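For reference, target.cif (mmCIF, C-alpha atoms and all ligand atoms):
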data_run
loop_
_atom_site.group_PDB
_atom_site.id
_atom_site.type_symbol
_atom_site.label_atom_id
_atom_site.label_comp_id
_atom_site.auth_asym_id
_atom_site.auth_seq_id
_atom_site.Cartn_x
_atom_site.Cartn_y
_atom_site.Cartn_z
ATOM 1 C CA MET E 17 0.000 0.000 0.000
ATOM 2 C CA THR E 18 1.376 3.406 -0.909
ATOM 3 C CA GLU E 19 1.309 6.224 1.599
ATOM 4 C CA ALA E 20 2.296 8.814 -0.984
ATOM 5 C CA THR E 21 -0.994 10.691 -0.982
ATOM 6 C CA GLU E 22 -1.420 13.126 1.885
ATOM 7 C CA THR E 23 -4.719 13.654 3.638
ATOM 8 C CA LYS E 24 -6.845 16.447 2.225
ATOM 9 C CA HIS E 25 -9.289 18.499 4.225
ATOM 10 C CA PHE E 26 -12.589 19.673 2.753
ATOM 11 C CA ARG E 27 -15.527 21.713 3.983
ATOM 12 C CA THR E 28 -17.998 18.925 3.230
ATOM 13 C CA LEU E 29 -17.903 15.361 2.003
ATOM 14 C CA PHE E 30 -20.884 13.515 0.515
ATOM 15 C CA ILE E 31 -20.856 9.734 0.082
ATOM 16 C CA SER E 32 -23.641 7.245 -0.503
ATOM 17 C CA ASP E 33 -24.551 3.756 -1.601
ATOM 18 C CA MET E 34 -21.721 1.904 0.121
ATOM 19 C CA HIS E 35 -24.018 -1.135 0.583
ATOM 20 C CA LEU E 36 -22.024 -2.472 3.544
ATOM 21 C CA GLY E 37 -23.116 -6.064 4.089
ATOM 22 C CA SER E 38 -23.353 -6.884 0.390
ATOM 23 C CA LYS E 39 -20.517 -8.779 -1.249
ATOM 24 C CA ALA E 40 -20.200 -6.060 -3.891
ATOM 25 C CA ALA E 41 -19.195 -3.335 -1.394
ATOM 26 C CA ARG E 42 -15.703 -1.969 -2.121
ATOM 27 C CA THR E 43 -14.655 -1.415 1.480
ATOM 28 C CA ASP E 44 -10.972 -1.532 0.494
ATOM 29 C CA PHE E 45 -11.226 1.543 -1.741
ATOM 30 C CA LEU E 46 -13.684 3.218 0.627
ATOM 31 C CA LEU E 47 -11.417 2.804 3.636
ATOM 32 C CA ASP E 48 -8.475 4.171 1.681
ATOM 33 C CA PHE E 49 -10.595 7.097 0.539
ATOM 34 C CA LEU E 50 -11.694 7.858 4.121
ATOM 35 C CA ARG E 51 -8.056 7.755 5.254
ATOM 36 C CA HIS E 52 -7.108 10.422 2.734
ATOM 37 C CA HIS E 53 -10.127 12.717 3.055
ATOM 38 C CA GLU E 54 -11.199 14.732 6.088
ATOM 39 C CA ALA E 55 -14.066 17.204 6.256
ATOM 40 C CA ASP E 56 -15.830 19.524 8.705
ATOM 41 C CA THR E 57 -19.090 17.804 7.792
ATOM 42 C CA ILE E 58 -19.757 14.407 6.227
ATOM 43 C CA TYR E 59 -23.138 13.523 4.758
ATOM 44 C CA LEU E 60 -23.880 9.820 4.372
ATOM 45 C CA VAL E 61 -26.507 10.012 1.644
ATOM 46 C CA GLY E 62 -28.228 6.643 2.110
ATOM 47 C CA ASP E 63 -27.780 2.928 1.423
ATOM 48 C CA VAL E 64 -24.745 2.924 3.697
ATOM 49 C CA VAL E 65 -25.738 -0.467 5.110
ATOM 50 C CA ASP E 66 -27.522 -2.983 2.917
ATOM 51 C CA GLY E 67 -30.235 -4.024 5.378
ATOM 52 C CA TRP E 68 -32.150 -6.313 3.020
ATOM 53 C CA ARG E 69 -29.044 -8.189 1.977
ATOM 54 C CA LEU E 70 -28.141 -8.664 5.648
ATOM 55 C CA LYS E 71 -31.646 -9.885 6.454
ATOM 56 C CA ARG E 72 -31.316 -12.660 3.887
ATOM 57 C CA ASN E 73 -27.877 -13.783 5.015
ATOM 58 C CA TRP E 74 -25.478 -12.135 7.400
ATOM 59 C CA TYR E 75 -22.295 -11.018 5.638
ATOM 60 C CA TRP E 76 -20.172 -8.596 7.613
ATOM 61 C CA PRO E 77 -16.448 -8.958 6.930
ATOM 62 C CA GLN E 78 -13.793 -6.956 8.800
ATOM 63 C CA GLY E 79 -13.746 -4.313 6.061
ATOM 64 C CA CYS E 80 -17.296 -3.258 6.996
ATOM 65 C CA ASN E 81 -16.284 -2.890 10.649
ATOM 66 C CA ASP E 82 -13.249 -0.870 9.618
ATOM 67 C CA VAL E 83 -15.409 1.571 7.649
ATOM 68 C CA VAL E 84 -17.864 1.992 10.547
ATOM 69 C CA GLN E 85 -14.984 2.426 13.030
ATOM 70 C CA LYS E 86 -13.359 4.981 10.746
ATOM 71 C CA LEU E 87 -16.564 7.031 10.537
ATOM 72 C CA LEU E 88 -17.198 6.832 14.294
ATOM 73 C CA ARG E 89 -13.623 7.925 14.912
ATOM 74 C CA LYS E 90 -14.042 10.944 12.641
ATOM 75 C CA ALA E 91 -17.209 11.833 14.578
ATOM 76 C CA ARG E 92 -15.326 11.559 17.885
ATOM 77 C CA LYS E 93 -12.606 13.827 16.548
ATOM 78 C CA GLY E 94 -15.119 16.554 15.752
ATOM 79 C CA THR E 95 -16.454 15.869 12.248
ATOM 80 C CA ARG E 96 -20.192 16.481 12.057
ATOM 81 C CA ILE E 97 -21.698 13.376 10.456
ATOM 82 C CA ILE E 98 -25.251 13.357 9.146
ATOM 83 C CA TYR E 99 -26.783 10.057 8.075
ATOM 84 C CA ILE E 100 -29.674 10.298 5.620
ATOM 85 C CA PRO E 101 -31.110 6.782 5.258
ATOM 86 C CA GLY E 102 -31.890 5.309 1.855
ATOM 87 C CA ASN E 103 -34.191 2.454 0.846
ATOM 88 C CA HIS E 104 -31.678 -0.287 1.724
ATOM 89 C CA ASP E 105 -31.219 1.127 5.235
ATOM 90 C CA GLU E 106 -34.741 2.458 5.667
ATOM 91 C CA PHE E 107 -34.996 0.874 9.138
ATOM 92 C CA LEU E 108 -33.196 4.062 10.231
ATOM 93 C CA ARG E 109 -35.943 6.251 8.790
ATOM 94 C CA ALA E 110 -37.948 5.508 11.914
ATOM 95 C CA PHE E 111 -35.381 7.499 13.928
ATOM 96 C CA PRO E 112 -35.106 11.033 12.539
ATOM 97 C CA GLY E 113 -33.251 13.342 14.925
ATOM 98 C CA VAL E 114 -31.643 10.436 16.779
ATOM 99 C CA HIS E 115 -27.896 10.554 17.465
ATOM 100 C CA PHE E 116 -25.773 7.422 17.749
ATOM 101 C CA GLY E 117 -22.043 7.530 18.341
ATOM 102 C CA GLY E 118 -22.036 11.222 17.372
ATOM 103 C CA ILE E 119 -23.853 10.565 14.082
ATOM 104 C CA GLU E 120 -27.186 12.352 13.506
ATOM 105 C CA VAL E 121 -29.993 10.743 11.527
ATOM 106 C CA ALA E 122 -32.128 12.963 9.286
ATOM 107 C CA GLU E 123 -34.629 12.252 6.530
ATOM 108 C CA ARG E 124 -33.361 15.085 4.358
ATOM 109 C CA MET E 125 -31.317 18.229 4.917
ATOM 110 C CA ILE E 126 -30.732 21.631 3.397
ATOM 111 C CA HIS E 127 -26.991 22.134 3.043
ATOM 112 C CA GLU E 128 -25.718 25.695 2.755
ATOM 113 C CA ALA E 129 -22.487 25.801 0.786
ATOM 114 C CA ALA E 130 -19.653 28.251 1.545
ATOM 115 C CA ASP E 131 -20.876 30.522 -1.270
ATOM 116 C CA GLY E 132 -24.356 30.752 0.274
ATOM 117 C CA LYS E 133 -25.999 28.441 -2.261
ATOM 118 C CA LYS E 134 -28.515 26.028 -0.792
ATOM 119 C CA TYR E 135 -28.721 22.333 -1.661
ATOM 120 C CA LEU E 136 -31.382 19.813 -0.812
ATOM 121 C CA VAL E 137 -29.682 16.610 0.362
ATOM 122 C CA LEU E 138 -31.671 13.369 0.119
ATOM 123 C CA HIS E 139 -31.205 9.772 -0.987
ATOM 124 C CA GLY E 140 -33.710 9.886 -3.851
ATOM 125 C CA ASP E 141 -35.572 6.565 -3.845
ATOM 126 C CA GLU E 142 -38.919 8.267 -3.165
ATOM 127 C CA PHE E 143 -38.849 9.472 -6.766
ATOM 128 C CA ASP E 144 -38.761 5.977 -8.272
ATOM 129 C CA VAL E 145 -42.534 5.943 -8.500
ATOM 130 C CA VAL E 146 -42.605 9.384 -10.128
ATOM 131 C CA VAL E 147 -40.030 8.310 -12.696
ATOM 132 C CA ARG E 148 -42.018 5.184 -13.494
ATOM 133 C CA ASN E 149 -45.223 7.122 -14.006
ATOM 134 C CA ILE E 150 -43.814 10.359 -15.286
ATOM 135 C CA ARG E 151 -46.180 10.984 -18.175
ATOM 136 C CA LEU E 152 -49.323 10.195 -16.250
ATOM 137 C CA LEU E 153 -48.257 12.398 -13.333
ATOM 138 C CA ALA E 154 -47.328 15.298 -15.579
ATOM 139 C CA TYR E 155 -50.858 15.109 -16.944
ATOM 140 C CA LEU E 156 -52.542 14.825 -13.549
ATOM 141 C CA GLY E 157 -50.485 17.599 -11.967
ATOM 142 C CA ASP E 158 -49.095 18.551 -8.575
ATOM 143 C CA TRP E 159 -51.460 16.772 -6.222
ATOM 144 C CA ALA E 160 -50.957 13.477 -8.050
ATOM 145 C CA TYR E 161 -47.210 13.908 -7.788
ATOM 146 C CA ASP E 162 -47.439 14.420 -4.017
ATOM 147 C CA ALA E 163 -49.859 11.515 -3.726
ATOM 148 C CA ALA E 164 -47.551 9.238 -5.729
ATOM 149 C CA ILE E 165 -44.650 9.960 -3.390
ATOM 150 C CA ALA E 166 -46.858 9.397 -0.326
ATOM 151 C CA ILE E 167 -48.129 6.098 -1.777
ATOM 152 C CA ASN E 168 -44.567 4.981 -2.457
ATOM 153 C CA VAL E 169 -43.630 5.625 1.179
ATOM 154 C CA VAL E 170 -46.641 3.632 2.426
ATOM 155 C CA LEU E 171 -45.986 0.796 -0.050
ATOM 156 C CA ALA E 172 -42.363 0.581 1.078
ATOM 157 C CA ALA E 173 -43.529 0.308 4.698
ATOM 158 C CA VAL E 174 -46.032 -2.432 3.780
ATOM 159 C CA ARG E 175 -43.449 -4.367 1.786
ATOM 160 C CA ARG E 176 -41.041 -4.050 4.709
ATOM 161 C CA ARG E 177 -43.664 -5.445 7.073
ATOM 162 C CA LEU E 178 -44.303 -8.342 4.675
ATOM 163 C CA LYS E 179 -40.512 -8.829 4.595
ATOM 164 C CA LEU E 180 -40.458 -8.207 0.871
ATOM 165 C CA PRO E 181 -37.437 -6.362 -0.523
ATOM 166 C CA TYR E 182 -37.899 -2.739 -1.516
ATOM 167 C CA TRP E 183 -38.531 -2.470 -5.217
ATOM 168 C CA SER E 184 -35.094 -1.584 -6.500
ATOM 169 C CA PHE E 185 -35.179 1.124 -9.082
ATOM 170 C CA SER E 186 -31.501 0.979 -9.981
ATOM 171 C CA ALA E 187 -31.357 -2.804 -10.270
ATOM 172 C CA TRP E 188 -34.434 -2.743 -12.407
ATOM 173 C CA ALA E 189 -33.177 0.159 -14.526
ATOM 174 C CA LYS E 190 -29.963 -1.690 -15.229
ATOM 175 C CA LEU E 191 -31.897 -4.705 -16.487
ATOM 176 C CA GLN E 192 -33.646 -2.566 -19.048
ATOM 177 C CA VAL E 193 -30.392 -1.682 -20.731
ATOM 178 C CA LYS E 194 -31.862 0.559 -23.371
ATOM 179 C CA GLN E 195 -34.435 2.180 -21.130
ATOM 180 C CA ALA E 196 -31.927 2.739 -18.307
ATOM 181 C CA VAL E 197 -30.435 5.628 -20.253
ATOM 182 C CA ASN E 198 -33.764 7.413 -20.334
ATOM 183 C CA PHE E 199 -34.595 6.546 -16.750
ATOM 184 C CA ILE E 200 -31.399 8.043 -15.397
ATOM 185 C CA GLY E 201 -32.205 11.230 -17.300
ATOM 186 C CA GLU E 202 -35.783 11.247 -16.045
ATOM 187 C CA PHE E 203 -34.671 10.595 -12.471
ATOM 188 C CA GLN E 204 -32.285 13.542 -12.625
ATOM 189 C CA LYS E 205 -35.020 15.781 -14.001
ATOM 190 C CA VAL E 206 -37.536 14.775 -11.331
ATOM 191 C CA VAL E 207 -35.055 15.263 -8.474
ATOM 192 C CA ALA E 208 -33.975 18.651 -9.864
ATOM 193 C CA GLU E 209 -37.653 19.594 -9.975
ATOM 194 C CA GLU E 210 -37.968 18.691 -6.279
ATOM 195 C CA ALA E 211 -35.103 21.118 -5.550
ATOM 196 C CA ARG E 212 -36.963 23.839 -7.441
ATOM 197 C CA ARG E 213 -40.121 23.134 -5.409
ATOM 198 C CA ASN E 214 -38.029 23.575 -2.267
ATOM 199 C CA GLN E 215 -36.656 26.882 -3.593
ATOM 200 C CA VAL E 216 -33.024 25.856 -3.354
ATOM 201 C CA ASP E 217 -30.170 26.152 -5.850
ATOM 202 C CA GLY E 218 -29.398 22.493 -6.194
ATOM 203 C CA VAL E 219 -29.802 18.936 -5.017
ATOM 204 C CA ILE E 220 -27.343 16.320 -3.787
ATOM 205 C CA CYS E 221 -28.555 12.723 -3.913
ATOM 206 C CA GLY E 222 -27.489 9.124 -4.494
ATOM 207 C CA HIS E 223 -29.551 5.996 -5.175
ATOM 208 C CA ILE E 224 -29.085 5.450 -8.926
ATOM 209 C CA HIS E 225 -25.328 4.769 -8.747
ATOM 210 C CA HIS E 226 -24.566 7.356 -11.383
ATOM 211 C CA ALA E 227 -22.242 10.102 -10.145
ATOM 212 C CA VAL E 228 -22.409 13.430 -11.910
ATOM 213 C CA ILE E 229 -22.321 17.189 -11.402
ATOM 214 C CA GLU E 230 -24.408 19.080 -13.904
ATOM 215 C CA ASP E 231 -26.940 21.827 -14.349
ATOM 216 C CA ILE E 232 -30.496 20.859 -15.219
ATOM 217 C CA GLU E 233 -32.641 23.823 -16.217
ATOM 218 C CA GLY E 234 -30.915 26.157 -13.767
ATOM 219 C CA ILE E 235 -30.738 23.661 -10.906
ATOM 220 C CA ARG E 236 -27.407 22.130 -9.989
ATOM 221 C CA TYR E 237 -27.856 18.344 -9.886
ATOM 222 C CA ILE E 238 -25.175 16.462 -7.975
ATOM 223 C CA ASN E 239 -25.169 12.690 -7.561
ATOM 224 C CA THR E 240 -22.679 11.064 -5.197
ATOM 225 C CA GLY E 241 -22.545 7.760 -7.097
ATOM 226 C CA ASP E 242 -21.662 4.623 -5.128
ATOM 227 C CA TRP E 243 -19.002 2.370 -3.597
ATOM 228 C CA VAL E 244 -20.121 -0.790 -5.368
ATOM 229 C CA GLU E 245 -19.111 -0.135 -8.942
ATOM 230 C CA SER E 246 -17.869 3.395 -9.523
ATOM 231 C CA CYS E 247 -16.317 4.295 -6.110
ATOM 232 C CA THR E 248 -17.142 7.983 -6.190
ATOM 233 C CA ALA E 249 -17.662 10.809 -3.716
ATOM 234 C CA ILE E 250 -18.492 14.494 -3.836
ATOM 235 C CA VAL E 251 -16.403 17.043 -1.951
ATOM 236 C CA GLU E 252 -17.122 20.697 -1.277
ATOM 237 C CA HIS E 253 -14.040 22.897 -1.156
ATOM 238 C CA MET E 254 -13.693 25.770 1.314
ATOM 239 C CA ASP E 255 -14.895 28.243 -1.352
ATOM 240 C CA GLY E 256 -18.104 26.328 -2.085
ATOM 241 C CA THR E 257 -17.039 24.633 -5.314
ATOM 242 C CA PHE E 258 -17.924 20.992 -5.697
ATOM 243 C CA GLU E 259 -15.804 18.231 -7.114
ATOM 244 C CA LEU E 260 -16.504 14.652 -8.071
ATOM 245 C CA ILE E 261 -13.794 12.234 -6.984
ATOM 246 C CA CYS E 262 -13.295 8.708 -8.341
ATOM 247 C CA TRP E 263 -11.221 6.569 -5.970
ATOM 248 C CA GLN E 264 -10.672 3.271 -7.699
ATOM 249 C CA SER E 265 -7.183 2.427 -6.578
ATOM 250 C CA ILE E 266 -5.403 2.317 -3.266
ATOM 251 C CA GLY E 267 -3.527 5.509 -2.465
ATOM 252 C CA GLN E 268 -4.300 7.657 -5.483
ATOM 253 C CA THR E 269 -7.242 9.079 -7.363
ATOM 254 C CA ALA E 270 -8.015 7.510 -10.683
ATOM 255 C CA GLU E 271 -10.032 10.389 -12.039
ATOM 256 C CA VAL E 272 -11.171 13.802 -10.810
ATOM 257 C CA MET E 273 -13.918 15.950 -12.242
ATOM 258 C CA THR E 274 -13.909 19.544 -11.055
ATOM 259 C CA LEU E 275 -16.363 22.384 -11.496
ATOM 260 C CA PRO E 276 -17.156 24.277 -13.605
ATOM 261 C CA ALA E 277 -18.776 21.188 -15.066
ATOM 262 C CA PRO E 278 -18.920 20.703 -18.834
ATOM 263 C CA ALA E 279 -22.036 21.988 -20.569
ATOM 264 C CA ALA E 280 -25.111 20.067 -19.490
ATOM 265 C CA LYS E 281 -25.936 17.184 -21.782
ATOM 266 C CA PRO E 282 -29.457 16.916 -23.089
ATOM 267 C CA VAL E 283 -31.616 14.517 -21.075
ATOM 268 C CA GLY E 284 -31.622 11.071 -22.642
ATOM 269 C CA ASP E 285 -28.020 11.397 -23.734
ATOM 270 C CA MET E 286 -26.615 10.119 -20.449
ATOM 271 C CA GLN E 287 -24.278 7.158 -20.259
ATOM 272 C CA ALA E 288 -25.875 4.247 -18.443
ATOM 273 C CA ALA E 289 -24.041 3.369 -15.211
HETATM 274 MN MN MN H 1 -31.103 3.475 -2.916
#

This entry written out as structure tokens:
Amino acid sequence: MTEATETKHFRTLFISDMHLGSKAARTDFLLDFLRHHEADTIYLVGDVVDGWRLKRNWYWPQGCNDVVQKLLRKARKGTRIIYIPGNHDEFLRAFPGVHFGGIEVAERMIHEAADGKKYLVLHGDEFDVVVRNIRLLAYLGDWAYDAAIAINVVLAAVRRRLKLPYWSFSAWAKLQVKQAVNFIGEFQKVVAEEARRNQVDGVICGHIHHAVIEDIEGIRYINTGDWVESCTAIVEHMDGTFELICWQSIGQTAEVMTLPAPAAKPVGDMQAA
């Protein structure tokens, strides 16, 4: 292991979709990333622990412990850590406002960047149902949109009670290879629209395992990606600029994408994750 890279300190760090407890979790890269990146505030943007995978069969190698220990240690040393549960760790959604080991649980947050811009931070799975029914909902209007999200939340709770897995948008989207391209674009549009409804400048989410920083009709859309395939994180510098980091090797970054982002691509032209 190389120790060549020094530790960098950021204002904020956003990571999601680590899926600890699933065999696909890249705890080796994640641990190395956490060693080299410190921040005043860390947002865990959902699907940190893969609760449904663990329910089926317990898989918790040392790497998962190391990641949890590393995060708890950062919290002890003064990093503010906010955990926004996703659909795979939705058991935590029952505990908004709870603190454990210095980590706060919240359903969603408004993050104010150093430049004063406001970002809605959420996991994003509640929009699966909107994405699936986008044309119908556009026709029916605002109340139907709100109702669809409410129904999705209730359905998820019912499925949980019946011990059925949450309907996985990303897994499903990936199966529909051709359609996935459109669905990622639609998801981004719907989430950006939610930011507009909340009168903020942008949104930071996870869920679809497709990291990107781009502008969608005047709203900055930032997706943290995942630590299963792409091994990505979002950092906010001290001046409020955001950067997408790919950490796919031990001790050095493989790829860095910095703002200002390239011109926004038209929806539907996205690369499937
Ligand atoms: Mn998710």

Practice task
Pick out the residues sitting within 10 Å of His25 (chain E), and hand them over as a ChimeraX atom specification; count all atoms listed in the file, and ignore anything fewer than 3 positions along from it in its own chain.
Solution key: /E:22,28-29,52-56,251-254

Exercise for the section: Would you translate the PyMOL selection byres (((not hetatm)) within 8 of (chain H and resi 1)) into the concrete set of residues it matches in this file, as a ChimeraX atom specification? Expected result: /E:33,62-63,102-104,139-141,184-186,222-224

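Note that the spacing between CA of Val121 (chain E) and CA of Ile200 (chain E) amounts to 27.1 Å.
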
For this file, the PyMOL selection byres (((chain E and resi 143) around 12) and not hetatm) selects which residues, as a PDB file with C-alpha atoms, in the frame of the given file?
ATOM      1  CA  GLY E 102     -31.890   5.309   1.855  1.00  0.00           C
ATOM      2  CA  ASN E 103     -34.191   2.454   0.846  1.00  0.00           C
ATOM      3  CA  LEU E 138     -31.671  13.369   0.119  1.00  0.00           C
ATOM      4  CA  HIS E 139     -31.205   9.772  -0.987  1.00  0.00           C
ATOM      5  CA  GLY E 140     -33.710   9.886  -3.851  1.00  0.00           C
ATOM      6  CA  ASP E 141     -35.572   6.565  -3.845  1.00  0.00           C
ATOM      7  CA  GLU E 142     -38.919   8.267  -3.165  1.00  0.00           C
ATOM      8  CA  ASP E 144     -38.761   5.977  -8.272  1.00  0.00           C
ATOM      9  CA  VAL E 145     -42.534   5.943  -8.500  1.00  0.00           C
ATOM     10  CA  VAL E 146     -42.605   9.384 -10.128  1.00  0.00           C
ATOM     11  CA  VAL E 147     -40.030   8.310 -12.696  1.00  0.00           C
ATOM     12  CA  ARG E 148     -42.018   5.184 -13.494  1.00  0.00           C
ATOM     13  CA  ASN E 149     -45.223   7.122 -14.006  1.00  0.00           C
ATOM     14  CA  ILE E 150     -43.814  10.359 -15.286  1.00  0.00           C
ATOM     15  CA  LEU E 153     -48.257  12.398 -13.333  1.00  0.00           C
ATOM     16  CA  TYR E 161     -47.210  13.908  -7.788  1.00  0.00           C
ATOM     17  CA  ASP E 162     -47.439  14.420  -4.017  1.00  0.00           C
ATOM     18  CA  ALA E 163     -49.859  11.515  -3.726  1.00  0.00           C
ATOM     19  CA  ALA E 164     -47.551   9.238  -5.729  1.00  0.00           C
ATOM     20  CA  ILE E 165     -44.650   9.960  -3.390  1.00  0.00           C
ATOM     21  CA  ALA E 166     -46.858   9.397  -0.326  1.00  0.00           C
ATOM     22  CA  ILE E 167     -48.129   6.098  -1.777  1.00  0.00           C
ATOM     23  CA  ASN E 168     -44.567   4.981  -2.457  1.00  0.00           C
ATOM     24  CA  VAL E 169     -43.630   5.625   1.179  1.00  0.00           C
ATOM     25  CA  SER E 184     -35.094  -1.584  -6.500  1.00  0.00           C
ATOM     26  CA  PHE E 185     -35.179   1.124  -9.082  1.00  0.00           C
ATOM     27  CA  SER E 186     -31.501   0.979  -9.981  1.00  0.00           C
ATOM     28  CA  PHE E 199     -34.595   6.546 -16.750  1.00  0.00           C
ATOM     29  CA  ILE E 200     -31.399   8.043 -15.397  1.00  0.00           C
ATOM     30  CA  GLU E 202     -35.783  11.247 -16.045  1.00  0.00           C
ATOM     31  CA  PHE E 203     -34.671  10.595 -12.471  1.00  0.00           C
ATOM     32  CA  GLN E 204     -32.285  13.542 -12.625  1.00  0.00           C
ATOM     33  CA  LYS E 205     -35.020  15.781 -14.001  1.00  0.00           C
ATOM     34  CA  VAL E 206     -37.536  14.775 -11.331  1.00  0.00           C
ATOM     35  CA  VAL E 207     -35.055  15.263  -8.474  1.00  0.00           C
ATOM     36  CA  ALA E 208     -33.975  18.651  -9.864  1.00  0.00           C
ATOM     37  CA  GLU E 209     -37.653  19.594  -9.975  1.00  0.00           C
ATOM     38  CA  GLU E 210     -37.968  18.691  -6.279  1.00  0.00           C
ATOM     39  CA  CYS E 221     -28.555  12.723  -3.913  1.00  0.00           C
ATOM     40  CA  GLY E 222     -27.489   9.124  -4.494  1.00  0.00           C
ATOM     41  CA  HIS E 223     -29.551   5.996  -5.175  1.00  0.00           C
ATOM     42  CA  ILE E 224     -29.085   5.450  -8.926  1.00  0.00           C
TER      43      ILE E 224
END

Exercise for the section: Name the residues in contact with Lys133 (chain E) at a cut-off of 9 Å, using all atoms listed in the file, excluding same-chain residues fewer than 3 positions from it; report them as a PyMOL selection string. Expected result: chain E and resi 127-130+216-218+256
